[in-house]
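Just run_20.txt here, compact mmCIF, C-alpha atoms:
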# COMPACT_ATOMS: atom_id res chain seq x y z
CA MET R 429 33.55 -19.46 35.58
CA ALA R 430 30.53 -21.57 36.48
CA SER R 431 28.46 -22.91 33.63
CA LEU R 432 24.80 -21.98 33.36
CA SER R 433 23.76 -25.51 34.17
CA GLU R 434 25.81 -25.37 37.37
CA MET R 435 24.56 -21.95 38.38
CA TYR R 436 20.88 -22.62 37.81
CA ASP R 437 20.84 -26.37 38.25
CA VAL R 438 19.30 -27.06 34.86
CA GLY R 439 19.89 -30.05 32.66
CA TRP R 440 20.66 -29.95 28.96
CA GLU R 441 17.10 -31.00 28.11
CA GLU R 442 15.68 -27.96 29.87
CA MET R 443 18.11 -25.73 28.01
CA ARG R 444 17.10 -27.33 24.71
CA ASP R 445 13.41 -26.90 25.57
CA LYS R 446 13.94 -23.28 26.51
CA LEU R 447 15.53 -22.64 23.12
CA ARG R 448 12.59 -24.30 21.41
CA LYS R 449 10.09 -22.20 23.36
CA TRP R 450 11.95 -19.02 22.36
CA ARG R 451 11.93 -20.17 18.70
CA GLU R 452 8.22 -20.88 18.77
CA GLU R 453 7.42 -17.56 20.37
CA ASN R 454 9.81 -15.72 18.07
CA CYS R 455 11.56 -14.06 21.03
CA ARG R 456 14.53 -11.86 20.32
CA ASN R 457 16.17 -12.22 23.74
CA SER R 458 19.53 -12.62 22.06
CA GLU R 459 21.81 -12.43 25.09
CA GLN R 460 19.93 -15.24 26.81
CA ILE R 461 19.86 -17.32 23.63
CA VAL R 462 23.62 -16.89 23.31
CA ASP R 463 24.22 -17.83 26.97
CA VAL R 464 22.08 -20.96 26.79
CA GLY R 465 22.83 -21.91 23.20
CA GLU R 466 26.60 -21.54 23.40
CA GLU R 467 26.80 -23.86 26.38
CA LEU R 468 24.39 -26.34 24.83
CA ILE R 469 26.39 -26.48 21.62
CA SER R 470 29.81 -26.78 23.20
CA GLU R 471 28.90 -29.30 25.92
CA HIS R 472 25.96 -31.29 24.64
CA ALA R 473 26.06 -31.21 20.84
CA SER R 474 26.04 -34.98 20.48
CA LYS R 475 22.82 -35.35 22.48
CA LEU R 476 20.81 -32.92 20.38
CA GLY R 477 20.30 -35.04 17.31
CA ASP R 478 18.85 -33.24 14.32
CA ASP R 479 17.72 -30.35 16.51
CA ILE R 480 21.28 -29.12 16.43
CA TRP R 481 20.93 -27.54 12.98
CA ILE R 482 18.01 -25.33 13.86
CA ILE R 483 19.77 -24.47 17.10
CA TYR R 484 22.88 -23.44 15.17
CA GLU R 485 20.69 -21.13 13.09
CA GLN R 486 18.95 -19.66 16.14
CA VAL R 487 22.20 -19.14 18.06
CA MET R 488 23.94 -17.66 15.01
CA ILE R 489 21.36 -14.94 14.59
CA ALA R 490 21.36 -14.21 18.34
CA ALA R 491 25.18 -14.08 18.30
CA LEU R 492 25.09 -11.45 15.54
CA ASP R 493 22.75 -9.34 17.68
CA CYS R 494 25.33 -9.48 20.48
CA SER R 495 28.35 -8.77 18.26
CA ARG R 496 29.63 -12.28 18.88
CA ASP R 497 30.96 -12.85 15.38
CA ASP R 498 33.20 -15.65 16.64
CA LEU R 499 30.21 -17.69 17.74
CA ALA R 500 28.17 -16.73 14.67
CA LEU R 501 30.92 -17.89 12.33
CA THR R 502 31.28 -21.22 14.16
CA CYS R 503 27.56 -21.89 13.78
CA LEU R 504 27.55 -20.78 10.15
CA GLN R 505 30.48 -23.00 9.25
CA GLU R 506 28.79 -26.06 10.75
CA LEU R 507 25.64 -25.28 8.77
CA ARG R 508 27.60 -24.76 5.55
CA LYS R 509 29.36 -28.10 5.97
CA GLN R 510 26.06 -29.90 6.51
CA PHE R 511 23.95 -28.09 3.90
CA PRO R 512 26.39 -26.87 1.23
CA ASP R 513 23.85 -25.86 -1.42
CA SER R 514 21.07 -24.59 0.79
CA HIS R 515 19.56 -21.19 0.02
CA ARG R 516 18.50 -20.96 3.63
CA VAL R 517 22.14 -21.19 4.72
CA LYS R 518 23.20 -18.77 1.99
CA ARG R 519 20.71 -16.29 3.42
CA LEU R 520 22.41 -16.68 6.81
CA THR R 521 25.75 -15.89 5.18
CA GLY R 522 24.18 -12.71 3.85
CA ILE R 523 22.75 -11.82 7.26
CA ARG R 524 26.20 -12.15 8.80
CA LEU R 525 27.62 -9.78 6.17
CA GLU R 526 24.83 -7.32 7.00
CA ALA R 527 25.71 -7.53 10.70
CA LEU R 528 29.32 -6.73 9.81
CA GLU R 529 27.97 -3.78 7.77
CA ARG R 530 29.47 -5.22 4.61
CA TYR R 531 26.31 -4.27 2.73
CA ASP R 532 27.68 -4.36 -0.81
CA GLU R 533 28.88 -7.94 -0.34
CA ALA R 534 25.59 -8.88 1.27
CA ASN R 535 23.66 -7.44 -1.66
CA LYS R 536 25.82 -9.33 -4.16
CA HIS R 537 25.15 -12.46 -2.17
CA TYR R 538 21.37 -12.01 -2.25
CA ASP R 539 21.50 -11.13 -5.96
CA ALA R 540 23.25 -14.44 -6.59
CA ILE R 541 20.47 -16.30 -4.76
CA LEU R 542 17.84 -14.43 -6.77
CA GLN R 543 19.62 -15.30 -10.00
CA GLU R 544 19.27 -18.99 -9.18
CA ASP R 545 15.80 -18.61 -7.70
CA PRO R 546 13.90 -15.43 -8.64
CA THR R 547 11.00 -16.36 -6.34
CA ASN R 548 13.18 -16.39 -3.23
CA THR R 549 11.22 -13.99 -1.03
CA ALA R 550 13.68 -14.19 1.87
CA ALA R 551 16.53 -12.75 -0.22
CA ARG R 552 14.31 -9.95 -1.55
CA LYS R 553 13.24 -9.02 1.97
CA ARG R 554 16.85 -8.97 3.18
CA LYS R 555 17.71 -6.52 0.40
CA ILE R 556 14.89 -4.28 1.60
CA SER R 557 16.20 -4.55 5.17
CA ILE R 558 19.59 -3.35 3.93
CA LEU R 559 17.94 -0.26 2.45
CA ARG R 560 16.31 0.33 5.79
CA ALA R 561 19.58 -0.10 7.66
CA LEU R 562 21.17 2.50 5.39
CA GLY R 563 18.34 4.93 6.14
CA LYS R 564 17.12 4.80 2.52
CA ASN R 565 13.47 4.79 3.52
CA THR R 566 12.06 6.05 0.23
CA GLU R 567 13.79 3.31 -1.73
CA ALA R 568 12.81 0.70 0.82
CA ILE R 569 9.19 1.81 0.45
CA ARG R 570 9.39 1.59 -3.33
CA GLU R 571 10.94 -1.89 -3.27
CA LEU R 572 8.47 -3.12 -0.69
CA ASN R 573 5.54 -1.86 -2.77
CA GLU R 574 6.90 -3.73 -5.80
CA TYR R 575 7.35 -6.84 -3.68
CA LEU R 576 3.78 -6.65 -2.41
CA GLU R 577 2.39 -6.41 -5.95
CA GLN R 578 3.74 -9.91 -6.44
CA PHE R 579 3.34 -11.32 -2.96
CA VAL R 580 0.11 -9.66 -1.89
CA GLY R 581 -0.49 -12.04 1.02
CA ASP R 582 2.74 -11.37 2.91
CA GLN R 583 1.54 -9.94 6.22
CA GLU R 584 4.99 -9.27 7.59
CA ALA R 585 5.67 -7.13 4.53
CA TRP R 586 2.44 -5.15 4.84
CA HIS R 587 3.24 -4.47 8.49
CA GLU R 588 6.81 -3.42 7.70
CA LEU R 589 5.45 -1.09 5.02
CA SER R 590 3.00 0.50 7.46
CA GLU R 591 5.88 1.17 9.85
CA LEU R 592 7.96 2.74 7.08
CA TYR R 593 5.07 5.01 6.08
CA ILE R 594 4.57 6.04 9.71
CA ASN R 595 8.28 6.93 9.95
CA GLU R 596 7.85 9.09 6.87
CA HIS R 597 4.69 10.65 8.36
CA ASP R 598 2.61 9.37 5.42
CA TYR R 599 -0.32 8.35 7.58
CA GLY R 600 -2.79 7.89 4.74
CA LYS R 601 -0.70 5.15 3.17
CA ALA R 602 0.10 3.62 6.56
CA ALA R 603 -3.66 3.37 7.16
CA PHE R 604 -4.06 1.63 3.80
CA CYS R 605 -1.52 -1.04 4.79
CA LEU R 606 -3.25 -1.62 8.10
CA GLU R 607 -6.62 -1.86 6.30
CA GLU R 608 -5.15 -4.72 4.21
CA LEU R 609 -4.03 -6.42 7.41
CA MET R 610 -7.39 -5.96 9.11
CA MET R 611 -9.22 -7.40 6.10
CA THR R 612 -7.18 -10.60 6.17
CA ASN R 613 -6.99 -10.77 9.96
CA PRO R 614 -10.34 -9.50 11.25
CA HIS R 615 -9.77 -10.98 14.70
CA ASN R 616 -6.40 -9.39 15.31
CA HIS R 617 -6.92 -6.69 17.96
CA LEU R 618 -3.45 -5.22 17.44
CA TYR R 619 -4.10 -4.26 13.81
CA CYS R 620 -7.38 -2.56 14.83
CA GLU R 621 -5.65 -0.64 17.57
CA GLN R 622 -2.73 0.41 15.34
CA TYR R 623 -5.15 1.52 12.62
CA ALA R 624 -7.06 3.55 15.20
CA GLU R 625 -3.81 5.19 16.36
CA VAL R 626 -2.96 6.23 12.80
CA LYS R 627 -6.44 7.70 12.34
CA TYR R 628 -6.13 9.54 15.65
CA THR R 629 -2.77 10.96 14.57
CA GLN R 630 -4.23 12.15 11.27
CA GLY R 631 -6.73 14.17 13.27
CA GLY R 632 -9.91 15.94 12.24
CA MET R 633 -13.42 14.99 13.29
CA GLU R 634 -13.98 12.19 10.77
CA ASN R 635 -10.69 10.51 11.64
CA LEU R 636 -11.29 10.88 15.37
CA GLU R 637 -14.67 9.17 15.04
CA LEU R 638 -13.08 6.36 13.03
CA ALA R 639 -10.32 6.11 15.62
CA ARG R 640 -12.85 5.80 18.40
CA LYS R 641 -14.74 3.10 16.53
CA TYR R 642 -11.63 1.05 15.86
CA PHE R 643 -10.33 1.43 19.40
CA ALA R 644 -13.72 0.10 20.51
CA GLN R 645 -13.43 -2.78 18.04
CA ALA R 646 -9.95 -3.63 19.35
CA LEU R 647 -11.41 -3.75 22.86
CA ARG R 648 -14.19 -6.07 21.73
CA LEU R 649 -11.54 -8.41 20.38
CA ASN R 650 -9.36 -8.09 23.48
CA ASN R 651 -10.73 -6.30 26.51
CA ARG R 652 -7.33 -6.11 28.12
CA ASN R 653 -5.72 -4.01 25.42
CA MET R 654 -4.77 -0.91 27.45
CA ARG R 655 -3.73 1.11 24.42
CA ALA R 656 -7.18 0.60 22.93
CA LEU R 657 -8.80 1.62 26.22
CA PHE R 658 -6.71 4.78 26.52
CA GLY R 659 -7.26 5.46 22.83
CA LEU R 660 -11.02 5.17 23.23
CA TYR R 661 -10.86 7.57 26.15
CA MET R 662 -8.71 10.11 24.29
CA SER R 663 -10.69 10.08 21.05
CA ALA R 664 -14.09 10.21 22.76
CA SER R 665 -12.84 13.03 25.02
CA HIS R 666 -11.60 15.09 22.11
CA ILE R 667 -14.83 14.62 20.16
CA GLY R 668 -16.93 15.45 23.24
CA ALA R 669 -14.89 18.60 23.85
CA SER R 670 -15.23 19.89 20.31
CA PRO R 671 -17.48 22.92 19.81
CA LYS R 672 -18.31 21.73 16.29
CA VAL R 673 -20.36 18.65 17.17
CA SER R 674 -24.07 18.32 17.74
CA ALA R 675 -25.44 18.03 21.27
CA LYS R 676 -26.22 14.36 20.76
CA VAL R 677 -22.72 13.49 19.51
CA LYS R 678 -21.27 15.44 22.42
CA LYS R 679 -23.44 13.60 24.92
CA ASP R 680 -22.67 10.17 23.44
CA ASN R 681 -18.93 10.74 23.41
CA ILE R 682 -18.85 12.07 26.95
CA LYS R 683 -20.62 8.86 27.92
CA TYR R 684 -18.05 6.70 26.08
CA ALA R 685 -15.20 8.64 27.65
CA ALA R 686 -16.69 8.26 31.13
CA TRP R 687 -17.06 4.53 30.59
CA ALA R 688 -13.45 4.26 29.40
CA ALA R 689 -12.22 6.31 32.36
CA ALA R 690 -14.00 3.96 34.76
CA GLN R 691 -12.44 0.95 33.04
CA ILE R 692 -9.00 2.52 33.18
CA ASN R 693 -9.34 3.25 36.88
CA ARG R 694 -10.53 -0.28 37.49
CA ALA R 695 -7.60 -1.75 35.55
CA TYR R 696 -5.13 0.28 37.59
CA LYS R 697 -6.77 -0.74 40.87
CA LEU R 698 -6.54 -4.39 39.86
CA ALA R 699 -2.91 -4.00 38.88
CA GLY R 700 -2.03 -2.14 42.05
CA ARG R 701 -3.44 -4.74 44.39
CA GLY R 702 -0.92 -5.85 46.93
CA ASN R 703 1.62 -3.39 45.62
CA LYS R 704 2.11 -0.39 47.85
CA ASP R 705 4.27 1.48 45.36
CA ASN R 706 1.71 1.38 42.60
CA LYS R 707 -0.69 3.49 44.64
CA CYS R 708 1.06 6.49 43.16
CA SER R 709 0.18 5.37 39.67
CA THR R 710 -3.45 4.77 40.51
CA LYS R 711 -3.79 8.20 42.02
CA ALA R 712 -1.99 9.80 39.08
CA VAL R 713 -4.36 8.15 36.65
CA GLU R 714 -7.44 9.33 38.55
CA GLU R 715 -6.07 12.85 38.62
CA MET R 716 -5.18 12.78 34.96
CA LEU R 717 -8.64 11.58 33.98
CA GLU R 718 -10.23 14.22 36.18
CA SER R 719 -8.10 17.01 34.76
CA MET R 720 -9.11 16.02 31.24
CA GLN R 721 -12.79 16.08 32.23
CA ILE R 722 -12.49 19.74 33.10
CA THR R 723 -11.42 20.60 29.57
CA MET R 724 -14.35 18.63 28.20
CA SER R 725 -17.16 20.54 29.90
CA MET P 439 -0.07 7.00 23.29
CA LEU P 440 2.58 9.72 23.48
CA GLU P 441 -0.13 12.09 24.61
CA VAL P 442 -1.26 9.63 27.27
CA ALA P 443 2.31 9.09 28.46
CA LEU P 444 3.09 12.80 28.72
CA THR P 445 -0.16 13.60 30.53
CA LEU P 446 0.10 10.70 32.96
CA ILE P 447 3.77 11.30 33.71
CA ASP P 448 3.11 15.01 34.12
CA THR P 449 0.36 14.29 36.66
CA TRP P 450 2.65 11.94 38.56
CA CYS P 451 5.38 14.56 38.54
CA LYS P 452 3.09 17.18 40.09
CA GLU P 453 2.10 14.66 42.79
CA ASN P 454 5.74 13.99 43.61
CA ASN P 455 7.24 17.46 43.17
CA TYR P 456 9.04 16.75 39.92
CA ILE P 457 8.91 18.66 36.64
CA ILE P 458 9.48 17.37 33.13
CA VAL P 459 12.43 19.44 31.96
CA GLY P 460 13.39 17.84 28.70
CA TYR P 461 13.37 14.88 26.37
CA TYR P 462 16.14 12.46 25.48
CA GLN P 463 16.33 10.16 22.50
CA ALA P 464 18.73 7.67 20.98
CA ASN P 465 18.12 7.20 17.25
CA GLU P 466 17.67 3.83 15.57
CA GLN P 467 20.07 4.96 12.84
CA THR P 468 23.20 5.37 14.90
CA GLN P 469 24.98 7.36 12.21
CA ASP P 470 22.59 10.29 12.51
CA PRO P 471 22.27 11.68 16.03
CA ARG P 472 20.05 14.64 15.15
CA PRO P 473 16.64 15.13 16.76
CA ASN P 474 13.85 14.16 14.36
CA GLN P 475 10.36 15.64 14.02
CA VAL P 476 8.95 13.61 16.90
CA ALA P 477 11.71 14.69 19.30
CA GLN P 478 11.27 18.33 18.30
CA LYS P 479 7.49 18.26 18.67
CA VAL P 480 7.58 16.56 22.06
CA ALA P 481 10.27 18.88 23.35
CA ALA P 482 8.42 21.95 22.07
CA ARG P 483 5.36 20.81 24.01
CA ILE P 484 7.50 20.35 27.12
CA SER P 485 8.93 23.83 26.72
CA GLU P 486 5.38 25.22 26.91
CA ASN P 487 5.43 24.19 30.56
CA PHE P 488 9.09 24.75 31.27
CA ASN P 489 11.00 27.54 29.58
CA ASP P 490 14.47 26.03 29.69
CA ALA P 491 13.51 22.64 28.27
CA VAL P 492 16.26 20.77 26.43
CA ILE P 493 16.60 17.90 24.00
CA VAL P 494 19.34 15.43 24.84
CA MET P 495 20.46 13.18 22.00
CA VAL P 496 22.64 10.16 22.68
CA ASP P 497 25.58 9.76 20.32
CA SER P 498 25.31 5.99 20.00
CA SER P 499 28.33 5.77 17.74
CA ARG P 500 30.54 6.91 20.61
CA LEU P 501 28.70 5.15 23.44
CA THR P 502 31.04 2.62 25.04
CA MET P 503 31.56 1.09 28.46
CA SER P 504 34.35 3.57 29.10
CA CYS P 505 33.21 6.79 27.46
CA PHE P 506 35.12 9.23 29.63
CA GLU P 507 34.10 12.11 27.40
CA PRO P 508 30.45 13.15 27.26
CA ILE P 509 28.65 11.39 24.41
CA LEU P 510 25.49 13.48 24.53
CA PHE P 511 24.34 16.36 22.38
CA ILE P 512 22.25 19.06 24.03
CA TYR P 513 19.80 21.29 22.16
CA ASP P 514 18.19 24.49 23.46
CA TYR P 515 15.01 26.14 22.15
CA ILE P 516 16.16 29.48 20.79
CA GLU P 517 13.91 31.62 18.55
CA ASN P 518 11.60 28.69 17.80
CA LYS P 519 14.47 26.48 16.67
CA TRP P 520 16.44 23.77 18.38
CA LYS P 521 20.08 24.80 18.47
CA LYS P 522 22.96 22.54 19.46
CA ARG P 523 24.91 23.67 22.48
CA GLU P 524 28.69 23.48 22.85
CA VAL P 525 29.06 20.75 25.43
CA THR P 526 31.93 20.44 27.88
CA MET P 527 32.36 18.49 31.10
CA ASP P 528 31.05 21.57 32.95
CA ALA P 529 27.59 21.00 31.50
CA PHE P 530 27.29 17.96 33.75
CA GLU P 531 27.17 17.68 37.50
CA ASP P 532 29.66 14.80 37.48
CA TRP P 533 30.12 13.01 34.15
CA SER P 534 32.77 10.53 35.31
CA GLU P 535 30.66 9.43 38.28
CA ALA P 536 27.68 8.99 35.97
CA GLN P 537 29.80 7.02 33.53
CA LYS P 538 31.06 4.70 36.30
CA ILE P 539 27.55 4.05 37.54
CA THR P 540 26.32 3.42 33.99
CA SER P 541 29.11 0.91 33.33
CA ALA P 542 28.30 -0.93 36.52
CA LEU P 543 24.62 -1.11 35.57
CA LEU P 544 25.51 -2.35 32.08
CA VAL P 545 27.77 -5.08 33.44
CA GLY P 546 25.00 -6.15 35.78
CA ARG P 547 22.56 -6.25 32.82
CA SER P 548 20.08 -4.08 34.69
CA TYR P 549 18.63 -3.06 31.31
CA GLU P 550 16.87 -6.43 31.28
CA ASN P 551 14.59 -5.04 33.99
CA LEU P 552 14.25 -1.51 32.65
CA ILE P 553 10.59 -0.53 32.19
CA ASP P 554 9.47 2.16 29.77
CA PHE P 555 5.95 3.45 29.20
CA ASP P 556 5.34 0.95 26.40
CA ASN P 557 6.19 -1.90 28.77
CA HIS P 558 3.76 -0.34 31.23
CA LEU P 559 0.96 -0.32 28.64
CA ASP P 560 1.67 -4.02 27.92
CA ASP P 561 1.18 -4.81 31.61
CA LEU P 562 0.08 -2.16 34.09
CA ARG P 563 2.04 -3.83 36.87
CA ASN P 564 5.27 -2.81 35.12
CA ASP P 565 6.35 0.30 36.97
CA TRP P 566 7.77 2.96 34.64
CA THR P 567 9.26 4.81 37.61
CA ASN P 568 11.78 1.95 37.89
CA PRO P 569 12.19 2.09 41.67
CA ALA P 570 14.57 -0.89 41.80
CA ILE P 571 16.99 0.55 39.26
CA ASN P 572 16.84 3.97 40.86
CA LYS P 573 17.76 2.37 44.16
CA CYS P 574 20.74 0.68 42.46
CA VAL P 575 21.87 4.03 41.13
CA LEU P 576 21.72 5.57 44.60
CA ASP P 577 23.55 2.59 46.08
CA LEU P 578 26.30 2.94 43.49
CA CYS P 579 26.85 6.61 44.17
Structure rendered as C-alpha cells:
Amino acid sequence: MASLSEMYDVGWEEMRDKLRKWREENCRNSEQIVDVGEELISEHASKLGDDIWIIYEQVMIAALDCSRDDLALTCLQELRKQFPDSHRVKRLTGIRLEALERYDEANKHYDAILQEDPTNTAARKRKISILRALGKNTEAIRELNEYLEQFVGDQEAWHELSELYINEHDYGKAAFCLEELMMTNPHNHLYCEQYAEVKYTQGGMENLELARKYFAQALRLNNRNMRALFGLYMSASHIGASPKVSAKVKKDNIKYAAWAAAQINRAYKLAGRGNKDNKCSTKAVEEMLESMQITMS
Amino acid sequence: MLEVALTLIDTWCKENNYIIVGYYQANEQTQDPRPNQVAQKVAARISENFNDAVIVMVDSSRLTMSCFEPILFIYDYIENKWKKREVTMDAFEDWSEAQKITSALLVGRSYENLIDFDNHLDDLRNDWTNPAINKCVLDLC
C-alpha cells in the first residue's frame, strides 16, 4: 500500500507543518491527523526533534477518535517513558480510559491527579466531560457551576455550560452564560449571534427585539455572518407581523427585514456566481423571502 | 436557524417537485435512540404539511459496515403521540442494496464532502443538496 508521501508527493516537512497548522487551528480532523501522523511517526521520528512529543499527543487523541487504540497506546507509552511524572501525560491516560468507556477507572485516575494538585483544572474538566458522556446533564451542570465559581474566567467552561443549558431547554440560564462571554469578549460576533438565537428561541416581543438588536450587533462585528443576517430577517419579520406593536415599530421592523432580505439575496447571488447548480438555491431564497413578506402585510 | 432551514428547504422542494415527508436523527448519546423534544417538534411541524410524516431514528449502537438487518427505528404520529412502528425488511424498498451502497460510500470516505445546512450557513457555496454524493449513489445502484 502506497504511503501518503508517495501518493501525494509530499515530504516529511510538509507533513509536519500540516500537523502544526491543524494544532494551531484546533482542527478535529482526526482521520487525516492519524493518516499523516502515523506515517510521520513511523518513518521520520528521528528528524522531528522535540516536536515529536507534541505530535505524539496530537496523534494519540486523534487515534482515540478513530478507535485506533493500538496507535493511541503506542503514542501514550512513548510519552510516559519520556515524561514519567507529568500531569499532562496522566490526563492523556485518563482520556484513553474514557475512550475505552472505562469511566470508573478514568475517574479514579483524575481523582488521583486532583489529590496531588487540587488546582488542576484539566482533570476537573475531564470529570465533567465524563458526566456528559454518561448523559448525566444535571450533574454536569452542577459541577460546571461549582467549577466556574472558582475559575470565573474560563471561557471554554462558560460556553460548555451554555450548551448544556440549551440541551436542557433552560434558555434563561443559557443566555446568562452567553452574557458573561459577551462581556469579556465584546468583539466576538459568534457570542452575539448565539445570544440572539437564544433570545429568539425564548420568544415574546421583548426577547424578539433583543434578538434583533444582537443579530444586528453580530453583523456589525462581522458582516458575513449569515446566521446573524437570517436571524435579523426572521426577528424583524416576526415583530413587523405582530398585531400588538405600534405603527412606528411595525414600519421600522419591516424596513429592517427588507434590508436583510436584500442582503441575503445579494449574498446568494455572489455565492452562485459561476455555478450553474446554485441557481436553484438563489431562486429558492427569493421565493422564501417573498412568501414570508405576504404573512407580514 | 431550524426555522430558516425548514422554510428554505421547503421552498426548494416545491420548486423541484419534492415534499418533506419526515425527519431523521442520530443521537449524540448512542445508548438512547429515542426521539427527543427537538425531533418531535420538527416532525410535528412537518406532519402539518404531510399527514403521513415519520421520524426515523438511527440506532447508532448497531450501525456497522455490514448491518444486514435494518438499524432504524420508525415512528408514526398517532393520536398526537409518536409511536414506534414494528419494523421488518418489508418497510424498506431494498435494505440490502441500501446497505451495500452505504458501505461503499463509507469506504470511500464520502462523508468528508457531505454538506448539511449548517455547513451551508458557514459558506453559502456549500450545496446542501449534495449533488456529487447523490450522483455517486445513483452510480452505485
For this session: Starting from chain R, keep only residues with some atom at most 9 Å from an atom of chain P, counting all atoms listed in the file, and report them as a PyMOL selection string.
Result: chain R and resi 561-563+625+653-655+658-659+662+695-696+699-700+703+705-706+708-709+711-713+715-717
For this session: May I ask for the distance between CA of Ala585 (chain R) and CA of Gly600 (chain R), given in Å to one decimal place?
Result: 17.2 Å
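Across the model, the gap from CA of Glu459 (chain R) to CA of Ile539 (chain P) is 21.4 Å.
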With all atoms listed in the file as the counted atoms, please give the residues lying no more than 8 Å from region 569-580 of chain R, apart from itself and same-chain residues fewer than 2 positions off, as a PDB file with C-alpha atoms, in the coordinates of the input.
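New file around.pdb:
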ATOM      1  CA  ARG R 552      14.310  -9.950  -1.550  1.00  0.00           C
ATOM      2  CA  ILE R 556      14.890  -4.280   1.600  1.00  0.00           C
ATOM      3  CA  ASN R 565      13.470   4.790   3.520  1.00  0.00           C
ATOM      4  CA  THR R 566      12.060   6.050   0.230  1.00  0.00           C
ATOM      5  CA  GLU R 567      13.790   3.310  -1.730  1.00  0.00           C
ATOM      6  CA  ASP R 582       2.740 -11.370   2.910  1.00  0.00           C
ATOM      7  CA  ALA R 585       5.670  -7.130   4.530  1.00  0.00           C
ATOM      8  CA  TRP R 586       2.440  -5.150   4.840  1.00  0.00           C
ATOM      9  CA  LEU R 589       5.450  -1.090   5.020  1.00  0.00           C
ATOM     10  CA  LEU R 592       7.960   2.740   7.080  1.00  0.00           C
ATOM     11  CA  TYR R 593       5.070   5.010   6.080  1.00  0.00           C
TER      12      TYR R 593
END
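Nearest to Asp463 (chain R) of all the residues R:Ser431, R:Asn548, R:Thr612, R:Ser663 is R:Ser431, counting all atoms listed in the file.
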For this session: Figure out the distance between CA of Leu636 (chain R) and CA of His666 (chain R), please, to one decimal in Å.
Result: 8.0 Å
For this session: Find, counting all atoms listed in the file, the residue in P:Ala536, P:Ala491, P:Ile457, P:Leu440 that gets nearest to Pro508 (chain P).
Result: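 Comparing P:Ala536, P:Ala491, P:Ile457, P:Leu440 against Pro508 (chain P), the winner is P:Ala536.
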Could you give me the axis-aligned bounding box of region 689-698 of chain R, with 5 Å of padding per side, as centre plus edge lengths in Å to one decimal, as AutoDock Vina command-line options?
--center_x -9.6 --center_y 1.0 --center_z 36.6 --size_x 18.9 --size_y 20.7 --size_z 18.5
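For the choices R:Ile489, R:Ile541, R:Leu647, R:Ile482, the atom-to-atom distance to His615 (chain R) is smallest for R:Leu647 when using only C-alpha atoms.
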For this session: Kindly indicate which residue among R:Trp481, R:Tyr642, R:Tyr684, R:Trp440 lies nearest to His617 (chain R), using only C-alpha atoms for the distances.
Result: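 Looking at the shortest contact to His617 (chain R), the residue is R:Tyr642.
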For this session: Would you kindly return, as a ChimeraX atom specification, each protein, DNA or RNA residue with an atom no farther than 8 Å from any atom of Asp497 (chain P), considering all atoms listed in the file and excluding same-chain residues fewer than 3 positions away?
Result: /P:464,468,471,500-501,509-511
For this session: Point out the residue among R:Asn595, R:Asn650, R:Ser674, R:Gln630 with the least atom-to-atom distance to Asn474 (chain P), counting all atoms listed in the file.
Result: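 The answer is R:Asn595, which sits nearest to Asn474 (chain P).
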Region 509-520 of chain R rebuilt with N, CA and C atoms, output as a tab-separated table (two decimals), keeping the file's coordinate frame:
chain	number	residue	atom	x	y	z
R	509	LYS	N	28.83	-26.75	6.19
R	509	LYS	CA	29.36	-28.10	5.97
R	509	LYS	C	28.22	-29.08	5.75
R	510	GLN	N	27.15	-28.94	6.55
R	510	GLN	CA	26.06	-29.90	6.51
R	510	GLN	C	25.14	-29.68	5.32
R	511	PHE	N	24.90	-28.40	4.97
R	511	PHE	CA	23.95	-28.09	3.90
R	511	PHE	C	24.61	-27.19	2.86
R	512	PRO	N	25.56	-27.72	2.08
R	512	PRO	CA	26.39	-26.87	1.23
R	512	PRO	C	25.64	-26.08	0.15
R	513	ASP	N	24.51	-26.59	-0.34
R	513	ASP	CA	23.85	-25.86	-1.42
R	513	ASP	C	22.57	-25.15	-0.98
R	514	SER	N	22.35	-25.10	0.30
R	514	SER	CA	21.07	-24.59	0.79
R	514	SER	C	20.95	-23.08	0.65
R	515	HIS	N	19.81	-22.63	0.11
R	515	HIS	CA	19.56	-21.19	0.02
R	515	HIS	C	19.32	-20.60	1.39
R	516	ARG	N	18.77	-21.42	2.26
R	516	ARG	CA	18.50	-20.96	3.63
R	516	ARG	C	19.82	-20.62	4.32
R	517	VAL	N	20.84	-21.46	4.10
R	517	VAL	CA	22.14	-21.19	4.72
R	517	VAL	C	22.81	-20.00	4.04
R	518	LYS	N	22.61	-19.90	2.71
R	518	LYS	CA	23.20	-18.77	1.99
R	518	LYS	C	22.63	-17.46	2.54
R	519	ARG	N	21.32	-17.48	2.85
R	519	ARG	CA	20.71	-16.29	3.42
R	519	ARG	C	21.39	-15.93	4.74
R	520	LEU	N	21.73	-16.93	5.54
R	520	LEU	CA	22.41	-16.68	6.81
R	520	LEU	C	23.78	-16.05	6.58
